[in-house]
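*Asks:* Handing over final.pdb, PDB, C-alpha atoms.
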```pdb
ATOM      1  CA  MET L   1      43.676 229.836-164.502  1.00  0.00           C
ATOM      2  CA  PRO L   2      47.376 228.894-164.435  1.00  0.00           C
ATOM      3  CA  PHE L   3      48.518 225.774-162.669  1.00  0.00           C
ATOM      4  CA  PRO L   4      49.564 226.345-159.053  1.00  0.00           C
ATOM      5  CA  GLU L   5      53.267 226.102-158.345  1.00  0.00           C
ATOM      6  CA  LEU L   6      53.982 222.927-156.352  1.00  0.00           C
ATOM      7  CA  SER L   7      57.246 222.874-154.438  1.00  0.00           C
ATOM      8  CA  ASP L   8      59.527 219.852-154.554  1.00  0.00           C
ATOM      9  CA  GLU L   9      58.892 219.363-150.838  1.00  0.00           C
ATOM     10  CA  PHE L  10      55.120 219.302-151.393  1.00  0.00           C
ATOM     11  CA  ARG L  11      55.342 216.851-154.292  1.00  0.00           C
ATOM     12  CA  ILE L  12      57.687 214.540-152.358  1.00  0.00           C
ATOM     13  CA  SER L  13      55.328 214.617-149.372  1.00  0.00           C
ATOM     14  CA  ARG L  14      52.528 213.364-151.625  1.00  0.00           C
ATOM     15  CA  LEU L  15      54.667 210.372-152.649  1.00  0.00           C
ATOM     16  CA  ARG L  16      54.929 209.096-149.072  1.00  0.00           C
ATOM     17  CA  SER L  17      52.854 206.074-148.256  1.00  0.00           C
ATOM     18  CA  PRO L  18      49.619 207.151-146.577  1.00  0.00           C
ATOM     19  CA  ARG L  19      49.405 206.221-142.910  1.00  0.00           C
ATOM     20  CA  ARG L  20      45.619 206.036-142.899  1.00  0.00           C
ATOM     21  CA  LYS L  21      42.684 204.900-144.973  1.00  0.00           C
ATOM     22  CA  VAL L  22      42.701 206.860-148.222  1.00  0.00           C
ATOM     23  CA  ARG L  23      39.911 208.557-150.116  1.00  0.00           C
ATOM     24  CA  LEU L  24      39.954 207.023-153.602  1.00  0.00           C
ATOM     25  CA  VAL L  25      38.270 207.347-156.962  1.00  0.00           C
ATOM     26  CA  LEU L  26      38.913 204.800-159.698  1.00  0.00           C
ATOM     27  CA  ASP L  27      39.138 205.979-163.319  1.00  0.00           C
ATOM     28  CA  THR L  28      38.914 202.888-165.499  1.00  0.00           C
ATOM     29  CA  ASP L  29      38.397 201.527-168.991  1.00  0.00           C
ATOM     30  CA  ALA L  30      36.873 198.431-167.392  1.00  0.00           C
ATOM     31  CA  TYR L  31      35.754 196.792-170.638  1.00  0.00           C
ATOM     32  CA  ASN L  32      39.215 196.999-172.205  1.00  0.00           C
ATOM     33  CA  GLU L  33      41.092 194.362-170.187  1.00  0.00           C
ATOM     34  CA  ILE L  34      40.443 192.117-167.209  1.00  0.00           C
ATOM     35  CA  ASP L  35      42.896 193.836-164.809  1.00  0.00           C
ATOM     36  CA  ASP L  36      40.533 196.787-164.337  1.00  0.00           C
ATOM     37  CA  GLN L  37      37.761 194.469-163.160  1.00  0.00           C
ATOM     38  CA  PHE L  38      40.118 193.023-160.548  1.00  0.00           C
ATOM     39  CA  ALA L  39      41.155 196.531-159.430  1.00  0.00           C
ATOM     40  CA  LEU L  40      37.536 197.647-159.076  1.00  0.00           C
ATOM     41  CA  THR L  41      36.610 194.530-157.104  1.00  0.00           C
ATOM     42  CA  TYR L  42      39.669 194.815-154.855  1.00  0.00           C
ATOM     43  CA  ALA L  43      38.929 198.477-154.128  1.00  0.00           C
ATOM     44  CA  LEU L  44      35.325 197.713-153.188  1.00  0.00           C
ATOM     45  CA  LEU L  45      36.282 194.734-151.036  1.00  0.00           C
ATOM     46  CA  SER L  46      38.998 196.612-149.097  1.00  0.00           C
ATOM     47  CA  PRO L  47      37.033 199.083-146.964  1.00  0.00           C
ATOM     48  CA  GLU L  48      39.549 198.819-144.129  1.00  0.00           C
ATOM     49  CA  ARG L  49      42.206 200.451-146.358  1.00  0.00           C
ATOM     50  CA  LEU L  50      40.275 202.348-149.014  1.00  0.00           C
ATOM     51  CA  SER L  51      37.280 204.621-149.004  1.00  0.00           C
ATOM     52  CA  LEU L  52      36.186 204.195-152.622  1.00  0.00           C
ATOM     53  CA  GLU L  53      34.104 207.297-153.377  1.00  0.00           C
ATOM     54  CA  ALA L  54      33.403 206.891-157.100  1.00  0.00           C
ATOM     55  CA  ILE L  55      34.195 205.001-160.272  1.00  0.00           C
ATOM     56  CA  TYR L  56      34.635 206.801-163.603  1.00  0.00           C
ATOM     57  CA  ALA L  57      34.447 205.265-167.061  1.00  0.00           C
ATOM     58  CA  ALA L  58      37.435 206.176-169.239  1.00  0.00           C
ATOM     59  CA  PRO L  59      37.572 206.116-173.046  1.00  0.00           C
ATOM     60  CA  PHE L  60      39.510 203.585-175.068  1.00  0.00           C
ATOM     61  CA  HIS L  61      39.759 202.665-178.732  1.00  0.00           C
ATOM     62  CA  ASN L  62      41.020 199.348-180.059  1.00  0.00           C
ATOM     63  CA  SER L  63      39.546 196.199-181.597  1.00  0.00           C
ATOM     64  CA  ARG L  64      37.038 196.005-178.716  1.00  0.00           C
ATOM     65  CA  SER L  65      35.455 199.372-179.481  1.00  0.00           C
ATOM     66  CA  GLU L  66      34.398 201.513-182.432  1.00  0.00           C
ATOM     67  CA  GLY L  67      36.020 204.640-180.971  1.00  0.00           C
ATOM     68  CA  PRO L  68      36.741 206.394-177.664  1.00  0.00           C
ATOM     69  CA  ALA L  69      33.055 207.181-176.994  1.00  0.00           C
ATOM     70  CA  ASP L  70      32.027 203.569-177.616  1.00  0.00           C
ATOM     71  CA  GLY L  71      34.897 202.360-175.423  1.00  0.00           C
ATOM     72  CA  MET L  72      33.828 204.642-172.571  1.00  0.00           C
ATOM     73  CA  GLU L  73      30.208 203.535-172.870  1.00  0.00           C
ATOM     74  CA  LYS L  74      31.187 199.847-172.888  1.00  0.00           C
ATOM     75  CA  SER L  75      33.361 200.479-169.833  1.00  0.00           C
ATOM     76  CA  TYR L  76      30.498 202.243-168.061  1.00  0.00           C
ATOM     77  CA  GLU L  77      28.211 199.276-168.776  1.00  0.00           C
ATOM     78  CA  GLU L  78      30.912 196.901-167.479  1.00  0.00           C
ATOM     79  CA  ILE L  79      31.225 198.969-164.290  1.00  0.00           C
ATOM     80  CA  LEU L  80      27.461 198.698-163.802  1.00  0.00           C
ATOM     81  CA  ARG L  81      27.606 194.903-164.329  1.00  0.00           C
ATOM     82  CA  LEU L  82      30.368 194.552-161.741  1.00  0.00           C
ATOM     83  CA  LEU L  83      28.576 196.757-159.229  1.00  0.00           C
ATOM     84  CA  ALA L  84      25.373 194.729-159.667  1.00  0.00           C
ATOM     85  CA  PHE L  85      27.310 191.493-159.199  1.00  0.00           C
ATOM     86  CA  LEU L  86      28.909 192.905-156.032  1.00  0.00           C
ATOM     87  CA  GLU L  87      25.519 194.244-154.867  1.00  0.00           C
ATOM     88  CA  HIS L  88      26.790 197.808-154.665  1.00  0.00           C
ATOM     89  CA  PRO L  89      24.497 200.656-155.762  1.00  0.00           C
ATOM     90  CA  ALA L  90      25.646 202.528-158.870  1.00  0.00           C
ATOM     91  CA  ALA L  91      23.576 205.696-158.467  1.00  0.00           C
ATOM     92  CA  GLY L  92      25.802 208.599-157.447  1.00  0.00           C
ATOM     93  CA  PHE L  93      28.811 206.265-157.517  1.00  0.00           C
ATOM     94  CA  ALA L  94      29.465 205.286-161.164  1.00  0.00           C
ATOM     95  CA  PHE L  95      29.870 208.061-163.727  1.00  0.00           C
ATOM     96  CA  ARG L  96      30.241 208.279-167.489  1.00  0.00           C
ATOM     97  CA  GLY L  97      33.489 209.949-168.498  1.00  0.00           C
ATOM     98  CA  SER L  98      35.059 211.449-171.571  1.00  0.00           C
ATOM     99  CA  THR L  99      33.949 210.457-175.055  1.00  0.00           C
ATOM    100  CA  ASP L 100      37.121 211.693-176.752  1.00  0.00           C
ATOM    101  CA  TYR L 101      40.740 212.428-175.849  1.00  0.00           C
ATOM    102  CA  VAL L 102      42.131 215.799-174.759  1.00  0.00           C
ATOM    103  CA  GLY L 103      44.523 215.907-177.702  1.00  0.00           C
ATOM    104  CA  ALA L 104      47.311 218.307-178.609  1.00  0.00           C
ATOM    105  CA  LYS L 105      45.066 221.370-178.323  1.00  0.00           C
ATOM    106  CA  ARG L 106      44.459 220.553-174.633  1.00  0.00           C
ATOM    107  CA  GLN L 107      40.705 220.862-174.948  1.00  0.00           C
ATOM    108  CA  PRO L 108      39.203 219.369-171.791  1.00  0.00           C
ATOM    109  CA  GLN L 109      36.222 217.067-171.920  1.00  0.00           C
ATOM    110  CA  ASP L 110      33.480 218.304-169.596  1.00  0.00           C
ATOM    111  CA  ASN L 111      31.319 215.483-168.270  1.00  0.00           C
ATOM    112  CA  GLU L 112      29.834 214.023-165.090  1.00  0.00           C
ATOM    113  CA  ALA L 113      32.982 212.061-164.137  1.00  0.00           C
ATOM    114  CA  VAL L 114      35.232 215.105-164.506  1.00  0.00           C
ATOM    115  CA  ARG L 115      32.845 217.326-162.506  1.00  0.00           C
ATOM    116  CA  ASP L 116      32.496 214.727-159.769  1.00  0.00           C
ATOM    117  CA  MET L 117      36.295 214.365-159.527  1.00  0.00           C
ATOM    118  CA  ILE L 118      36.668 218.130-159.143  1.00  0.00           C
ATOM    119  CA  ASP L 119      33.914 218.260-156.509  1.00  0.00           C
ATOM    120  CA  LYS L 120      35.389 215.384-154.501  1.00  0.00           C
ATOM    121  CA  ALA L 121      38.917 216.833-154.681  1.00  0.00           C
ATOM    122  CA  MET L 122      37.759 220.216-153.410  1.00  0.00           C
ATOM    123  CA  ALA L 123      35.493 218.737-150.712  1.00  0.00           C
ATOM    124  CA  GLY L 124      38.308 217.036-148.829  1.00  0.00           C
ATOM    125  CA  GLU L 125      40.695 218.504-146.312  1.00  0.00           C
ATOM    126  CA  ALA L 126      43.960 219.862-147.725  1.00  0.00           C
ATOM    127  CA  ASP L 127      45.959 217.302-145.733  1.00  0.00           C
ATOM    128  CA  GLU L 128      43.734 214.399-146.873  1.00  0.00           C
ATOM    129  CA  PRO L 129      44.134 214.347-150.652  1.00  0.00           C
ATOM    130  CA  LEU L 130      41.858 212.443-152.966  1.00  0.00           C
ATOM    131  CA  TYR L 131      43.765 209.556-154.530  1.00  0.00           C
ATOM    132  CA  VAL L 132      42.897 209.109-158.191  1.00  0.00           C
ATOM    133  CA  ALA L 133      43.768 205.642-159.478  1.00  0.00           C
ATOM    134  CA  ALA L 134      43.774 206.077-163.247  1.00  0.00           C
ATOM    135  CA  ILE L 135      44.072 202.701-164.938  1.00  0.00           C
ATOM    136  CA  GLY L 136      43.081 203.701-168.443  1.00  0.00           C
ATOM    137  CA  ALA L 137      43.403 206.753-170.647  1.00  0.00           C
ATOM    138  CA  ILE L 138      44.274 209.782-168.519  1.00  0.00           C
ATOM    139  CA  THR L 139      41.633 211.954-170.243  1.00  0.00           C
ATOM    140  CA  ASN L 140      39.243 212.388-167.306  1.00  0.00           C
ATOM    141  CA  VAL L 141      42.094 213.381-164.976  1.00  0.00           C
ATOM    142  CA  ALA L 142      43.682 215.735-167.517  1.00  0.00           C
ATOM    143  CA  SER L 143      40.298 217.329-168.175  1.00  0.00           C
ATOM    144  CA  ALA L 144      39.656 217.869-164.463  1.00  0.00           C
ATOM    145  CA  LEU L 145      43.081 219.508-164.096  1.00  0.00           C
ATOM    146  CA  LEU L 146      42.520 221.737-167.134  1.00  0.00           C
ATOM    147  CA  LEU L 147      39.092 222.835-165.892  1.00  0.00           C
ATOM    148  CA  ALA L 148      40.148 223.298-162.247  1.00  0.00           C
ATOM    149  CA  PRO L 149      43.949 223.540-161.896  1.00  0.00           C
ATOM    150  CA  GLU L 150      43.589 224.213-158.169  1.00  0.00           C
ATOM    151  CA  ILE L 151      42.812 220.521-157.590  1.00  0.00           C
ATOM    152  CA  SER L 152      46.502 219.757-158.217  1.00  0.00           C
ATOM    153  CA  ARG L 153      47.058 220.573-154.514  1.00  0.00           C
ATOM    154  CA  ARG L 154      44.271 218.227-153.432  1.00  0.00           C
ATOM    155  CA  ILE L 155      44.813 215.049-155.468  1.00  0.00           C
ATOM    156  CA  VAL L 156      47.413 212.336-155.790  1.00  0.00           C
ATOM    157  CA  VAL L 157      47.291 210.662-159.184  1.00  0.00           C
ATOM    158  CA  VAL L 158      48.439 207.063-159.470  1.00  0.00           C
ATOM    159  CA  TRP L 159      48.429 206.293-163.173  1.00  0.00           C
ATOM    160  CA  LEU L 160      48.909 202.962-164.879  1.00  0.00           C
ATOM    161  CA  GLY L 161      48.807 203.701-168.569  1.00  0.00           C
ATOM    162  CA  GLY L 162      50.648 203.811-171.812  1.00  0.00           C
ATOM    163  CA  HIS L 163      51.070 205.808-174.986  1.00  0.00           C
TER
END
```
Would you mind writing the structure in this file as structure tokens?
*Replies:*
Amino acid sequence: MPFPELSDEFRISRLRSPRRKVRLVLDTDAYNEIDDQFALTYALLSPERLSLEAIYAAPFHNSRSEGPADGMEKSYEEILRLLAFLEHPAAGFAFRGSTDYVGAKRQPQDNEAVRDMIDKAMAGEADEPLYVAAIGAITNVASALLLAPEISRRIVVVWLGGH
């Protein structure tokens, strides 16, 4: 399926500051650096502003992991530790994500985080987009868009990343 055409007006409208509590999912490589742990905690402890619907583990590979799959798994375990500490149930809320990167061939990773993101994006009203805070590798988001391009009209991606 080709990507839907998004007008400049539509894209600019999505950049406006939301006037209400936002639906949010957090896509994080939580084991990679400490800032992700602060973001997760802040999101959970801000129910007056954010409706945190899910947390997804993102892959990473550096000296703290043996590869992207190991980085994702370590991040997932870190998410579970934080949720336990904050006394928030993980079942149906924390999801394992991609074990590799999309790469130049644009091969999406199909996993529980990606499927949940697609489901949550499509479940919302068209005028209440799902905000996706991606604070790690963009793989889960890119995979969701490749598998279901129609979600581009129903999400707002806020990405803090590099490379």
*Asks:* Care to translate the PyMOL selection byres ((chain L and resi 78) around 10) into actual residues of this file, as a PDB file with C-alpha atoms, in the frame of the given file?
*Replies:*
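For reference, selection20.pdb as written:
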```pdb
ATOM      1  CA  ASP L  29      38.397 201.527-168.991  1.00  0.00           C
ATOM      2  CA  ALA L  30      36.873 198.431-167.392  1.00  0.00           C
ATOM      3  CA  TYR L  31      35.754 196.792-170.638  1.00  0.00           C
ATOM      4  CA  ASN L  32      39.215 196.999-172.205  1.00  0.00           C
ATOM      5  CA  GLN L  37      37.761 194.469-163.160  1.00  0.00           C
ATOM      6  CA  ALA L  57      34.447 205.265-167.061  1.00  0.00           C
ATOM      7  CA  MET L  72      33.828 204.642-172.571  1.00  0.00           C
ATOM      8  CA  GLU L  73      30.208 203.535-172.870  1.00  0.00           C
ATOM      9  CA  LYS L  74      31.187 199.847-172.888  1.00  0.00           C
ATOM     10  CA  SER L  75      33.361 200.479-169.833  1.00  0.00           C
ATOM     11  CA  TYR L  76      30.498 202.243-168.061  1.00  0.00           C
ATOM     12  CA  GLU L  77      28.211 199.276-168.776  1.00  0.00           C
ATOM     13  CA  ILE L  79      31.225 198.969-164.290  1.00  0.00           C
ATOM     14  CA  LEU L  80      27.461 198.698-163.802  1.00  0.00           C
ATOM     15  CA  ARG L  81      27.606 194.903-164.329  1.00  0.00           C
ATOM     16  CA  LEU L  82      30.368 194.552-161.741  1.00  0.00           C
ATOM     17  CA  LEU L  83      28.576 196.757-159.229  1.00  0.00           C
ATOM     18  CA  ALA L  84      25.373 194.729-159.667  1.00  0.00           C
TER      19      ALA L  84
END
```
*Asks:* Could you tell me which of L:Thr28, L:Gln109, L:Thr99, L:Thr41 comes closest to L:Asp70 if we count only C-alpha atoms?
*Replies:*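 Using only C-alpha atoms, L:Asp70 sits closest to L:Thr99.
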*Asks:* Give as an MDAnalysis selection string every residue, naming chains and numbers as the document does, that has an atom within 6 Å of (44.6, 218.5, -170.8), counting all atoms listed in the file.
*Replies:* chainID L and resid 102 106 108 142:143 146
*Asks:* Can you tell me, as a ChimeraX atom specification, what residues are no more than 6 Å from L:Asp27 when counting only C-alpha atoms, ignoring any on the same chain fewer than 5 positions away?
*Replies:* /L:55-56,134
*Asks:* What's around L:Arg154 at 8 Å? Count only C-alpha atoms, leave out sequence neighbours fewer than 5 positions away in its own chain, and write the answer as a PyMOL selection string.
*Replies:* chain L and resi 121-122+124-130
*Asks:* With all atoms of stretch 63-68 of chain L from the file as input, state the centre and edge lengths in Å to one decimal of the axis-aligned box that has 8 Å extra on each side, as lines of an AutoDock Vina configuration file.
*Replies:*
```
center_x = 37.0
center_y = 201.2
center_z = -180.0
size_x = 21.1
size_y = 26.4
size_z = 20.8
```
*Asks:* Please compute the atom CA of L:His61-atom CA of L:Ile138 distance, one decimal, in Å.
*Replies:*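 Interatomic distance here is 13.2 Å.
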*Asks:* Neighbouring residues of L:Ala133 were defined as those with any atom within 12 Å, considering only C-alpha atoms; residues of the same chain fewer than 2 positions away were excluded. Please report them as a PyMOL selection string.
*Replies:* chain L and resi 22-29+36+39-40+43+50+52-56+58+117+130-131+135-138+140-141+155-161
*Asks:* I need the residue set behind the PyMOL selection byres ((chain L and resi 112) around 8) for this file; please write it as number ranges by chain.
*Replies:* L: 95-97, 110-111, 113-116
*Asks:* Some atoms are absent from stretch 21-37 of chain L, so rebuild N, CA, C and O atoms and return them as a short mmCIF file (atom, residue, chain, number, x, y, z; two decimals), keeping the file's coordinate frame.
*Replies:*
```cif
data_model
loop_
_atom_site.label_atom_id
_atom_site.label_comp_id
_atom_site.auth_asym_id
_atom_site.auth_seq_id
_atom_site.Cartn_x
_atom_site.Cartn_y
_atom_site.Cartn_z
N LYS L 21 43.60 205.25 -143.89
CA LYS L 21 42.68 204.90 -144.97
C LYS L 21 42.62 206.08 -145.95
O LYS L 21 42.51 207.23 -145.53
N VAL L 22 42.69 205.79 -147.24
CA VAL L 22 42.70 206.86 -148.22
C VAL L 22 41.35 207.00 -148.92
O VAL L 22 40.63 206.02 -149.11
N ARG L 23 41.06 208.24 -149.27
CA ARG L 23 39.91 208.56 -150.12
C ARG L 23 40.35 208.25 -151.55
O ARG L 23 41.40 208.70 -151.98
N LEU L 24 39.54 207.50 -152.29
CA LEU L 24 39.95 207.02 -153.60
C LEU L 24 38.81 207.13 -154.59
O LEU L 24 37.67 206.84 -154.26
N VAL L 25 39.16 207.52 -155.82
CA VAL L 25 38.27 207.35 -156.96
C VAL L 25 39.04 206.51 -157.98
O VAL L 25 40.26 206.60 -158.08
N LEU L 26 38.31 205.69 -158.70
CA LEU L 26 38.91 204.80 -159.70
C LEU L 26 38.45 205.24 -161.08
O LEU L 26 37.25 205.32 -161.35
N ASP L 27 39.40 205.55 -161.94
CA ASP L 27 39.14 205.98 -163.32
C ASP L 27 39.57 204.83 -164.22
O ASP L 27 40.77 204.53 -164.31
N THR L 28 38.63 204.17 -164.87
CA THR L 28 38.91 202.89 -165.50
C THR L 28 38.26 202.68 -166.86
O THR L 28 37.12 203.09 -167.08
N ASP L 29 38.98 202.02 -167.74
CA ASP L 29 38.40 201.53 -168.99
C ASP L 29 38.09 200.04 -168.79
O ASP L 29 38.67 199.16 -169.40
N ALA L 30 37.15 199.77 -167.91
CA ALA L 30 36.87 198.43 -167.39
C ALA L 30 36.57 197.38 -168.45
O ALA L 30 36.77 196.19 -168.21
N TYR L 31 36.09 197.77 -169.60
CA TYR L 31 35.75 196.79 -170.64
C TYR L 31 36.98 196.42 -171.48
O TYR L 31 36.96 195.43 -172.21
N ASN L 32 38.04 197.17 -171.35
CA ASN L 32 39.22 197.00 -172.20
C ASN L 32 40.01 195.74 -171.88
O ASN L 32 40.36 194.99 -172.77
N GLU L 33 40.34 195.56 -170.61
CA GLU L 33 41.09 194.36 -170.19
C GLU L 33 40.59 193.92 -168.82
O GLU L 33 39.97 194.68 -168.09
N ILE L 34 40.95 192.72 -168.44
CA ILE L 34 40.44 192.12 -167.21
C ILE L 34 41.06 192.72 -165.95
O ILE L 34 40.45 192.68 -164.88
N ASP L 35 42.25 193.33 -166.03
CA ASP L 35 42.90 193.84 -164.81
C ASP L 35 42.07 194.94 -164.14
O ASP L 35 42.07 195.07 -162.92
N ASP L 36 41.35 195.72 -164.90
CA ASP L 36 40.53 196.79 -164.34
C ASP L 36 39.38 196.21 -163.50
O ASP L 36 39.01 196.77 -162.48
N GLN L 37 38.83 195.11 -163.93
CA GLN L 37 37.76 194.47 -163.16
C GLN L 37 38.28 193.98 -161.81
O GLN L 37 37.61 194.11 -160.79
#
```
